[in-house]
>>> print(open('entry10.csv').read())   # CSV, C-alpha atoms
chain,number,residue,atom,x,y,z
A,14,MET,CA,68.1,86.0,97.3
A,15,ILE,CA,69.2,88.9,99.6
A,16,LYS,CA,72.7,88.4,101.0
A,17,GLU,CA,73.4,89.1,104.6
A,18,LYS,CA,75.7,92.1,105.3
A,19,LEU,CA,79.1,91.1,106.7
A,20,ALA,CA,81.7,93.5,108.1
A,21,ILE,CA,85.3,92.5,108.3
A,22,ILE,CA,87.5,94.5,110.7
A,23,SER,CA,91.2,94.4,109.8
A,24,SER,CA,94.1,96.3,108.4
A,25,TYR,CA,93.3,96.6,104.7
A,26,ASP,CA,95.0,99.5,103.0
A,27,ASP,CA,98.5,98.5,104.3
A,28,PHE,CA,100.9,96.2,102.4
A,29,CYS,CA,101.1,93.5,105.0
A,30,GLY,CA,100.1,89.9,105.6
A,31,ASN,CA,97.0,90.7,107.5
A,32,ALA,CA,95.7,93.1,104.8
A,33,SER,CA,96.5,90.5,102.0
A,34,TYR,CA,94.7,87.8,103.8
A,35,THR,CA,91.7,90.1,104.3
A,36,LYS,CA,91.6,90.9,100.7
A,37,ALA,CA,91.6,87.3,99.8
A,38,LEU,CA,88.8,86.6,102.3
A,39,VAL,CA,86.7,89.3,100.8
A,40,ASP,CA,87.0,87.6,97.4
A,41,GLY,CA,86.0,84.3,98.9
A,42,LEU,CA,83.1,85.5,101.0
A,43,ALA,CA,81.7,87.9,98.3
A,44,LYS,CA,79.8,84.9,96.9
A,45,HIS,CA,77.9,84.5,100.1
A,46,TYR,CA,77.7,88.0,101.7
A,47,GLU,CA,77.5,91.6,100.9
A,48,VAL,CA,81.0,92.3,102.3
A,49,THR,CA,82.2,95.6,103.8
A,50,VAL,CA,85.7,96.0,105.1
A,51,ILE,CA,86.3,98.4,108.0
A,52,SER,CA,89.9,99.2,107.6
A,53,LEU,CA,91.5,100.0,111.0
A,54,ASP,CA,93.2,103.4,111.2
A,55,ILE,CA,96.4,102.2,112.7
A,56,GLU,CA,97.9,105.6,113.2
A,57,THR,CA,95.0,106.9,115.1
A,58,LEU,CA,94.8,103.8,117.3
A,59,ARG,CA,98.5,103.8,118.1
A,60,LYS,CA,99.4,107.4,118.2
A,61,GLY,CA,96.1,109.3,118.7
A,62,GLU,CA,95.0,111.1,121.8
A,63,ALA,CA,92.8,109.0,124.1
A,64,LYS,CA,89.7,111.1,123.3
A,65,ASN,CA,90.2,110.7,119.6
A,66,VAL,CA,90.7,106.9,119.9
A,67,ARG,CA,87.5,106.6,121.9
A,68,LYS,CA,85.7,108.7,119.3
A,69,TYR,CA,87.1,106.5,116.5
A,70,ILE,CA,86.1,103.2,118.2
A,71,LYS,CA,82.6,104.6,118.8
A,72,SER,CA,82.4,105.4,115.1
A,73,ILE,CA,83.3,101.7,114.2
A,74,CYS,CA,80.7,100.4,116.7
A,75,LYS,CA,78.1,102.7,115.1
A,76,GLN,CA,78.8,101.2,111.7
A,77,LEU,CA,78.3,97.7,113.0
A,78,ALA,CA,74.7,98.4,113.9
A,79,SER,CA,73.8,98.2,110.2
A,80,VAL,CA,75.4,94.9,109.4
A,81,ASP,CA,74.2,91.3,110.1
A,82,CYS,CA,77.4,89.7,111.1
A,83,VAL,CA,81.1,90.5,111.8
A,84,ASN,CA,84.5,89.0,111.5
A,85,ILE,CA,87.4,90.6,113.5
A,86,GLN,CA,90.9,89.8,112.2
A,87,PHE,CA,92.6,90.0,115.5
A,88,GLU,CA,96.3,90.9,115.6
A,89,ALA,CA,97.0,92.7,118.9
A,90,GLY,CA,99.3,95.5,117.4
A,91,LEU,CA,96.5,96.7,115.2
A,92,PHE,CA,94.2,97.7,118.1
A,93,GLY,CA,96.2,100.2,120.1
A,94,ALA,CA,99.5,101.4,121.6
A,95,SER,CA,99.3,99.5,124.9
A,96,ARG,CA,98.0,96.2,126.0
A,97,SER,CA,95.2,97.9,128.0
A,98,CYS,CA,94.2,100.0,125.0
A,99,MET,CA,94.3,97.0,122.7
A,100,LYS,CA,92.0,95.0,125.0
A,101,LYS,CA,89.6,97.8,125.7
A,102,ASN,CA,89.3,98.6,121.9
A,103,PHE,CA,88.8,95.0,121.0
A,104,PHE,CA,86.2,94.4,123.7
A,105,ALA,CA,84.2,97.5,122.6
A,106,ILE,CA,84.1,96.4,119.0
A,107,ALA,CA,83.3,92.8,119.9
A,108,LYS,CA,80.4,93.8,122.2
A,109,ALA,CA,78.9,95.9,119.4
A,110,SER,CA,79.1,93.0,116.9
A,111,LYS,CA,76.2,90.8,116.0
A,112,LYS,CA,77.0,87.2,114.9
A,113,LEU,CA,80.7,87.5,115.5
A,114,VAL,CA,83.6,85.3,114.5
A,115,VAL,CA,87.1,86.1,115.6
A,116,THR,CA,90.2,85.2,113.6
A,117,VAL,CA,93.3,85.0,115.7
A,118,HIS,CA,96.5,85.1,113.6
A,119,ARG,CA,98.8,83.9,116.4
A,120,ILE,CA,98.5,82.8,120.0
A,121,HIS,CA,101.1,83.3,122.7
A,122,GLY,CA,101.4,80.8,125.5
A,123,LYS,CA,103.0,81.9,128.8
A,124,GLN,CA,106.6,80.7,129.2
A,125,ASN,CA,108.2,79.6,132.5
A,126,TYR,CA,111.0,81.8,133.9
A,127,PRO,CA,114.3,80.2,134.7
A,128,SER,CA,114.4,78.2,137.9
A,129,LEU,CA,116.7,79.0,140.8
A,130,ILE,CA,118.9,76.1,139.8
A,131,GLN,CA,119.2,77.4,136.3
A,132,LEU,CA,119.9,80.9,137.6
A,133,GLY,CA,122.6,79.6,139.9
A,134,LYS,CA,124.3,77.8,137.0
A,135,ILE,CA,124.2,81.0,134.9
A,136,LEU,CA,125.7,83.1,137.8
A,137,LEU,CA,128.5,80.5,138.2
A,138,LYS,CA,129.4,80.8,134.5
A,139,LEU,CA,129.0,84.6,134.6
A,140,LYS,CA,126.9,84.4,131.5
A,141,PHE,CA,124.8,87.5,132.3
A,142,LYS,CA,124.1,88.7,128.8
A,143,PRO,CA,122.4,85.5,127.5
A,144,PHE,CA,120.4,85.3,130.7
A,145,LEU,CA,119.3,88.9,130.5
A,146,ALA,CA,118.3,88.4,126.8
A,147,GLU,CA,116.3,85.3,127.6
A,148,TRP,CA,114.6,86.9,130.6
A,149,GLN,CA,113.6,89.9,128.5
A,150,ASN,CA,112.2,87.6,125.8
A,151,ILE,CA,110.1,85.7,128.3
A,152,CYS,CA,108.8,88.9,129.9
A,153,ARG,CA,107.8,90.3,126.4
A,154,ASN,CA,106.1,87.0,125.4
A,155,ASN,CA,104.2,86.8,128.7
A,156,ARG,CA,102.9,90.3,128.4
A,157,TRP,CA,101.4,89.4,125.0
A,158,ALA,CA,100.2,86.0,126.3
A,159,SER,CA,98.1,87.7,129.0
A,160,LEU,CA,96.4,89.8,126.4
A,161,TYR,CA,95.6,86.9,124.2
A,162,GLU,CA,94.3,84.9,127.2
A,163,ASP,CA,91.9,87.8,127.9
A,164,VAL,CA,90.7,87.7,124.3
A,165,ILE,CA,90.1,83.9,124.2
A,166,THR,CA,88.4,84.1,127.7
A,167,PHE,CA,86.1,86.8,126.3
A,168,CYS,CA,85.3,84.7,123.3
A,169,LYS,CA,84.6,81.6,125.4
A,170,ALA,CA,82.3,83.4,127.8
A,171,ARG,CA,80.2,84.6,124.9
A,172,LYS,CA,80.5,81.4,122.8
A,173,ILE,CA,82.2,83.3,119.9
A,174,PRO,CA,83.8,81.0,117.4
A,175,VAL,CA,87.5,81.4,116.9
A,176,ILE,CA,89.5,80.6,113.7
A,177,VAL,CA,93.2,79.9,113.9
A,178,HIS,CA,95.7,78.9,111.2
A,179,THR,CA,97.4,75.9,112.8
A,180,GLN,CA,96.4,72.7,114.5
A,181,ARG,CA,98.8,73.5,117.3
A,182,ASP,CA,97.0,76.8,118.1
A,183,ARG,CA,93.6,75.1,118.0
A,184,LYS,CA,94.8,72.3,120.4
A,185,PHE,CA,96.4,74.9,122.7
A,186,ILE,CA,93.2,76.8,123.1
A,187,ASN,CA,91.2,73.6,123.5
A,188,LEU,CA,93.5,72.4,126.3
A,189,LYS,CA,94.4,75.7,128.0
A,190,PHE,CA,90.9,77.2,128.0
A,191,GLY,CA,88.6,74.1,127.7
A,192,TYR,CA,87.0,75.8,124.7
A,193,ASP,CA,85.9,73.7,121.7
A,194,GLN,CA,84.6,76.4,119.4
A,195,VAL,CA,88.0,76.8,117.8
A,196,PHE,CA,88.6,75.9,114.2
A,197,ASP,CA,91.7,75.7,112.1
A,198,HIS,CA,92.4,76.3,108.5
A,199,PRO,CA,95.8,77.2,106.9
A,200,LEU,CA,96.2,80.6,105.4
A,201,SER,CA,94.7,80.8,101.9
A,202,PHE,CA,94.9,83.6,99.3
A,203,TYR,CA,94.2,82.5,95.7
A,204,ASP,CA,92.6,79.7,93.8
A,205,GLN,CA,94.6,77.8,91.1
A,206,ASP,CA,92.6,79.2,88.2
A,207,HIS,CA,93.5,82.8,89.1
A,208,LEU,CA,97.2,81.8,89.4
A,209,GLU,CA,97.2,80.0,86.1
A,210,LYS,CA,95.8,83.1,84.4
A,211,ILE,CA,98.6,85.2,85.8
A,212,SER,CA,101.2,82.7,84.8
A,213,LYS,CA,99.9,82.8,81.2
A,214,ASN,CA,100.0,86.6,81.0
A,215,TYR,CA,103.3,87.2,82.8
A,216,THR,CA,106.2,85.4,81.3
A,217,ARG,CA,109.7,84.6,82.6
A,218,LEU,CA,111.1,86.9,79.9
A,219,GLN,CA,108.9,89.8,81.1
A,220,PHE,CA,110.1,89.1,84.7
A,221,CYS,CA,113.7,89.2,83.7
A,222,ASP,CA,113.2,92.4,81.6
A,223,ASN,CA,111.4,94.1,84.5
A,224,PHE,CA,114.2,93.5,86.9
A,225,SER,CA,117.1,93.6,84.5
A,226,LEU,CA,117.9,89.9,85.0
A,227,ASN,CA,119.7,87.3,82.9
A,228,GLU,CA,117.2,84.7,81.7
A,229,ASN,CA,119.9,82.0,81.9
A,230,ASN,CA,120.5,82.3,85.6
A,231,THR,CA,118.7,80.4,88.3
A,232,TYR,CA,116.9,82.7,90.7
A,233,ILE,CA,116.2,82.0,94.4
A,234,GLY,CA,113.6,84.3,96.0
A,235,ILE,CA,113.2,85.5,99.5
A,236,PHE,CA,110.0,87.6,100.1
A,237,GLY,CA,108.6,90.1,102.6
A,238,PHE,CA,109.8,92.7,105.0
A,239,ILE,CA,113.5,92.5,105.9
A,240,ASN,CA,113.6,91.2,109.4
A,241,LYS,CA,116.2,89.2,111.3
A,242,TYR,CA,113.9,86.2,111.8
A,243,LYS,CA,113.7,85.8,108.0
A,244,GLY,CA,117.2,84.2,107.9
A,245,HIS,CA,118.6,86.1,104.9
A,246,LYS,CA,122.2,85.3,106.1
A,247,THR,CA,121.5,81.6,105.8
A,248,ALA,CA,120.5,82.0,102.2
A,249,ILE,CA,123.5,84.3,101.4
A,250,ASN,CA,125.9,81.8,103.0
A,251,ALA,CA,124.3,79.0,100.9
A,252,LEU,CA,125.3,80.8,97.7
A,253,LYS,CA,128.9,79.9,98.5
A,254,HIS,CA,128.0,76.3,97.8
A,255,LEU,CA,126.0,76.8,94.7
A,256,PRO,CA,127.2,77.4,91.1
A,257,ASN,CA,127.8,81.0,90.0
A,258,HIS,CA,124.6,81.1,87.9
A,259,TYR,CA,122.5,80.8,91.1
A,260,VAL,CA,121.4,84.3,92.2
A,261,LEU,CA,119.6,85.4,95.4
A,262,LEU,CA,116.8,87.9,94.9
A,263,ILE,CA,115.6,89.7,98.1
A,264,PHE,CA,112.1,91.1,97.4
A,265,GLY,CA,111.2,93.3,100.3
A,266,SER,CA,112.2,96.4,102.3
A,267,GLN,CA,112.8,97.5,105.8
A,268,HIS,CA,109.8,97.1,108.0
A,269,PRO,CA,108.2,100.5,108.9
A,270,GLN,CA,108.2,99.6,112.6
A,271,SER,CA,112.0,99.2,112.6
A,272,ILE,CA,112.6,102.7,111.3
A,273,ASN,CA,114.4,104.7,114.0
A,274,MET,CA,115.1,108.5,114.3
A,275,ASP,CA,118.5,109.5,112.9
A,276,GLU,CA,119.6,105.9,112.2
A,277,GLU,CA,121.8,105.9,109.1
A,278,ILE,CA,121.1,102.3,108.3
A,279,ASN,CA,119.1,99.5,109.9
A,280,THR,CA,121.5,97.3,111.9
A,281,TYR,CA,120.3,94.0,110.4
A,282,ILE,CA,120.4,95.4,106.8
A,283,GLU,CA,123.9,96.6,107.5
A,284,GLU,CA,124.9,93.1,108.7
A,285,ILE,CA,123.5,91.6,105.5
A,286,LEU,CA,125.4,94.0,103.3
A,287,CYS,CA,128.6,93.4,105.2
A,288,LEU,CA,128.2,89.6,104.8
A,289,VAL,CA,127.5,90.0,101.0
A,290,GLN,CA,130.6,92.2,100.6
A,291,SER,CA,132.9,89.9,102.7
A,292,LEU,CA,131.9,86.9,100.6
A,293,LYS,CA,132.3,88.9,97.4
A,294,LEU,CA,128.7,88.1,96.3
A,295,THR,CA,127.5,91.6,95.4
A,296,HIS,CA,126.9,90.4,91.8
A,297,ARG,CA,124.8,87.4,93.1
A,298,VAL,CA,122.6,89.1,95.7
A,299,LYS,CA,120.0,91.7,94.5
A,300,PHE,CA,117.5,93.8,96.4
A,301,PHE,CA,114.1,94.8,94.9
A,302,ARG,CA,111.0,96.5,96.2
A,303,ILE,CA,107.5,95.3,95.3
A,304,ALA,CA,104.7,97.8,94.8
A,305,ASN,CA,101.6,95.7,95.4
A,306,ASP,CA,100.1,92.3,95.9
A,307,ASP,CA,99.9,91.6,92.1
A,308,ASP,CA,103.6,92.3,91.5
A,309,PHE,CA,104.4,90.2,94.6
A,310,LEU,CA,102.5,87.3,93.2
A,311,LYS,CA,104.1,87.6,89.7
A,312,THR,CA,107.6,87.5,91.2
A,313,MET,CA,106.8,84.4,93.3
A,314,LEU,CA,105.6,82.6,90.2
A,315,CYS,CA,108.7,83.4,88.2
A,316,CYS,CA,111.5,82.6,90.7
A,317,ASP,CA,113.1,79.2,90.3
A,318,PHE,CA,113.1,78.6,94.0
A,319,ASN,CA,111.2,80.3,96.9
A,320,VAL,CA,113.2,79.9,100.1
A,321,LEU,CA,112.1,80.6,103.6
A,322,PRO,CA,115.1,80.2,105.9
A,323,TYR,CA,113.3,81.6,108.9
A,324,LEU,CA,114.4,81.4,112.6
A,325,GLU,CA,111.9,80.3,115.3
A,326,VAL,CA,109.9,83.2,116.6
A,327,ASN,CA,106.7,81.6,117.8
A,328,GLN,CA,104.9,82.5,114.6
A,329,GLY,CA,101.7,80.7,113.7
A,330,GLY,CA,100.7,80.7,110.0
A,331,SER,CA,103.1,82.3,107.4
A,332,GLY,CA,101.5,84.2,104.5
A,333,ILE,CA,104.7,83.9,102.5
A,334,ALA,CA,104.8,80.1,103.0
A,335,ALA,CA,101.1,79.8,102.0
A,336,LEU,CA,101.6,81.8,98.9
A,337,THR,CA,104.7,79.8,98.0
A,338,LEU,CA,102.7,76.6,98.0
A,339,GLU,CA,99.8,78.1,96.2
A,340,THR,CA,102.1,79.3,93.4
A,341,ASN,CA,103.5,75.7,93.1
A,342,SER,CA,107.0,77.1,93.6
A,343,LYS,CA,110.0,74.9,94.3
A,344,ALA,CA,109.8,75.5,98.0
A,345,VAL,CA,112.5,75.0,100.6
A,346,PHE,CA,111.6,75.9,104.2
A,347,SER,CA,113.6,75.9,107.5
A,348,GLN,CA,112.5,73.5,110.2
A,349,ASN,CA,110.7,76.0,112.5
A,350,PHE,CA,107.5,75.2,114.2
A,351,ALA,CA,105.3,77.2,111.9
A,352,PHE,CA,106.5,75.2,108.9
A,353,PHE,CA,106.1,71.9,110.9
A,354,GLU,CA,102.5,73.0,111.4
A,355,LEU,CA,102.0,73.8,107.7
A,356,ALA,CA,103.4,70.3,106.9
A,357,LYS,CA,100.5,68.8,108.8
A,358,TYR,CA,98.2,70.2,106.1
A,359,ALA,CA,100.6,69.9,103.2
A,360,THR,CA,102.4,66.7,104.0
A,361,ASP,CA,105.4,66.0,101.7
A,362,ALA,CA,104.6,69.0,99.6
A,363,PHE,CA,107.8,71.0,100.3
A,364,LYS,CA,111.4,70.4,101.3
A,365,MET,CA,112.9,71.3,104.7
A,366,PHE,CA,116.3,71.9,106.2
A,367,SER,CA,117.7,72.6,109.7
A,368,ILE,CA,117.5,76.3,110.8
A,369,GLY,CA,120.8,78.1,109.9
A,370,ASN,CA,122.4,75.1,108.1
A,371,HIS,CA,123.4,76.9,104.9
A,372,LEU,CA,125.2,73.9,103.5
A,373,GLU,CA,122.1,71.8,103.9
A,374,LEU,CA,120.0,74.5,102.2
A,375,ALA,CA,122.4,74.6,99.2
A,376,GLN,CA,122.2,70.8,98.9
A,377,ALA,CA,118.4,70.9,99.2
A,378,ILE,CA,118.3,73.3,96.3
A,379,LEU,CA,120.7,71.3,94.1
A,380,SER,CA,118.9,68.0,94.8
A,381,TYR,CA,115.4,69.4,94.4
A,382,ASN,CA,113.1,67.2,92.3
A,383,LYS,CA,109.8,68.8,91.8
A,384,SER,CA,108.1,65.5,90.8
A,385,ASN,CA,108.6,64.3,94.3
A,386,PHE,CA,106.4,67.0,95.7
A,387,GLU,CA,103.8,67.7,93.0
A,388,PRO,CA,101.3,64.9,93.8
A,389,LYS,CA,101.0,65.9,97.5
A,390,LEU,CA,100.9,69.6,96.6
A,391,ASN,CA,97.9,69.0,94.3
A,392,GLU,CA,96.2,67.1,97.2
A,393,TYR,CA,96.8,70.1,99.4
A,394,HIS,CA,95.3,72.5,96.9
A,395,LYS,CA,92.1,70.4,96.7
A,396,LYS,CA,91.7,70.1,100.4
A,397,TYR,CA,92.7,73.6,101.5
A,398,ASN,CA,92.0,76.6,99.4
A,399,LEU,CA,90.3,80.0,99.2
A,400,SER,CA,86.8,78.3,98.7
A,401,THR,CA,87.2,75.9,101.7
A,402,ASN,CA,88.4,78.8,103.8
A,403,ALA,CA,85.3,80.9,102.9
A,404,LEU,CA,83.0,78.0,103.5
A,405,LEU,CA,84.4,77.6,107.1
A,406,TYR,CA,83.6,81.3,107.8
A,407,GLN,CA,80.1,80.9,106.3
A,408,ARG,CA,79.4,77.8,108.3
A,409,LEU,CA,80.5,79.5,111.6
A,410,LEU,CA,78.7,82.8,110.9
A,411,SER,CA,75.5,80.9,110.1
A,412,ARG,CA,75.6,79.0,113.4
A,413,VAL,CA,76.2,82.1,115.6
A,414,THR,CA,73.1,83.5,117.2
>>> encode(input="entry10.csv", output="structure tokens")
Amino acid sequence: MIKEKLAIISSYDDFCGNASYTKALVDGLAKHYEVTVISLDIETLRKGEAKNVRKYIKSICKQLASVDCVNIQFEAGLFGASRSCMKKNFFAIAKASKKLVVTVHRIHGKQNYPSLIQLGKILLKLKFKPFLAEWQNICRNNRWASLYEDVITFCKARKIPVIVHTQRDRKFINLKFGYDQVFDHPLSFYDQDHLEKISKNYTRLQFCDNFSLNENNTYIGIFGFINKYKGHKTAINALKHLPNHYVLLIFGSQHPQSINMDEEINTYIEEILCLVQSLKLTHRVKFFRIANDDDFLKTMLCCDFNVLPYLEVNQGGSGIAALTLETNSKAVFSQNFAFFELAKYATDAFKMFSIGNHLELAQAILSYNKSNFEPKLNEYHKKYNLSTNALLYQRLLSRVT
């Protein structure tokens, strides 16, 4: 039987969540399609001259003429330097696509600006700084929200199915746009058989040797780019309330987009280092870089705990959280909305604590009993996995005309 040709448009060559998800999707869909990935040239789209960007977008559209169906992994920042460019480039690619399904990795809803009464109270208290910060955040969010509204409106007008990663995002699109061709599935990367093979071939001893670690210690892992919203400070403060053999391993590096000209050290990284030094924890907090997805996965499998002490930043699905559950790690997540959404799929499959409460985090680690979570975690793996995700895409692509 001849397979249909499917093109997936996404970041792919970068070491990021979107690229990792796309690679997993290729593995899942290769059983059903002849899959080609069109890896977006982010540098050209963000920094190229307008004529070069137009030429590049035309080349993508030309490639799409030879495929049967298309999936766009939509994350606004991948498609251009400004909102108008992002929208224009997305629309051009979408219009050139046959049998299109769009995956939206996050959705921004418009926020209300402070009322006159709230503004009056702020002025009376002379709290200008917090007010200004809140106002800037709302402005930034609403600029993105208008772009995502245009994308969803475009999809609705053309009856293009949309895939999101949370029930919250699906319901938001249903209610806000009156559009019912929206489907949710949590982020999925690997099947359990693949992970078991890795576990058998990469031991705890190898892990400790590779990173010069003491096998007798208990290791708490935090993974991904080092950003303020990841809540590293909460995990560092939690170490004060844990025995000395508990060690925090920070697997990640500065995000490329946070690199500034002539900046001697990233402000947030400097704050982390100052906290570590002030608490005299330099021997219990270690930083490591990870070269690729395979090494990333191995380290997740070998840490005793995987902790996600994130702040709330209006994130949808979390790739790190999905991988933590897939690797059957001892998982402790903060109570932000993204993890509340994940808990709707993986009910009682991981432990939670209040954002920023480092004492509660320490107590959650010390009292963790894996047998309390394993049955529900196994249920989650059976219901939501790489195969069920691929089947959703296949079902939607086969329905598109």
>>> residues_around(input="entry10.csv", residues="Gly330 in chain A", least_positions_apart="5", cutoff="8 Å", atoms="only C-alpha atoms", output="ChimeraX atom specification")
/A:118-119,178-179,199-200,351,355
>>> residues_around(input="entry10.csv", residues="Leu38 in chain A", least_positions_apart="2", cutoff="8 Å", atoms="all atoms listed in the file", output="compact mmCIF listing (two decimals) with C-alpha atoms, in the frame of the given file")
# COMPACT_ATOMS: atom_id res chain seq x y z
CA TYR A 34 94.70 87.80 103.80
CA THR A 35 91.70 90.10 104.30
CA LYS A 36 91.60 90.90 100.70
CA ASP A 40 87.00 87.60 97.40
CA GLY A 41 86.00 84.30 98.90
CA LEU A 42 83.10 85.50 101.00
CA PHE A 202 94.90 83.60 99.30
CA LEU A 399 90.30 80.00 99.20
CA ASN A 402 88.40 78.80 103.80
CA ALA A 403 85.30 80.90 102.90
>>> residues_around(input="entry10.csv", residues="Leu410 in chain A", least_positions_apart="4", cutoff="10 Å", atoms="all atoms listed in the file", output="list in words")
Leu19, Asp81, Cys82, Val83, Asn84, Lys111, Lys112, Leu113, Val114, Ile173, Pro174, Leu404, Leu405, Tyr406 and Thr414 of chain A
>>> atom_distance(input="entry10.csv", atom1="CA of Lys299 in chain A", atom2="CA of Ile378 in chain A")
18.6 Å
>>> atom_distance(input="entry10.csv", atom1="CA of Lys18 in chain A", atom2="CA of Val80 in chain A")
5.0 Å
>>> atom_distance(input="entry10.csv", atom1="CA of Ser97 in chain A", atom2="CA of Ile21 in chain A")
22.7 Å
>>> residues_near_point(input="entry10.csv", point="(111.2, 76.8, 109.1)", cutoff="8 Å", atoms="only C-alpha atoms", output="list in words")
Leu321, Pro322, Tyr323, Leu324, Glu325, Phe346, Ser347, Gln348, Asn349, Phe350, Ala351, Phe352, Phe353, Met365, Phe366, Ser367 and Ile368 of chain A
>>> residues_around(input="entry10.csv", residues="Ile70 in chain A", least_positions_apart="2", cutoff="9 Å", atoms="only C-alpha atoms", output="count of residues only")
12
>>> closest_residue(input="entry10.csv", among="A:Thr57, A:Asn382, A:Ser24, A:Ser33", to="Gln86 in chain A", atoms="all atoms listed in the file")
A:Ser24
>>> closest_residue(input="entry10.csv", among="A:Phe87, A:Tyr259, A:Tyr46, A:Tyr192", to="Asn227 in chain A", atoms="all atoms listed in the file")
A:Tyr259
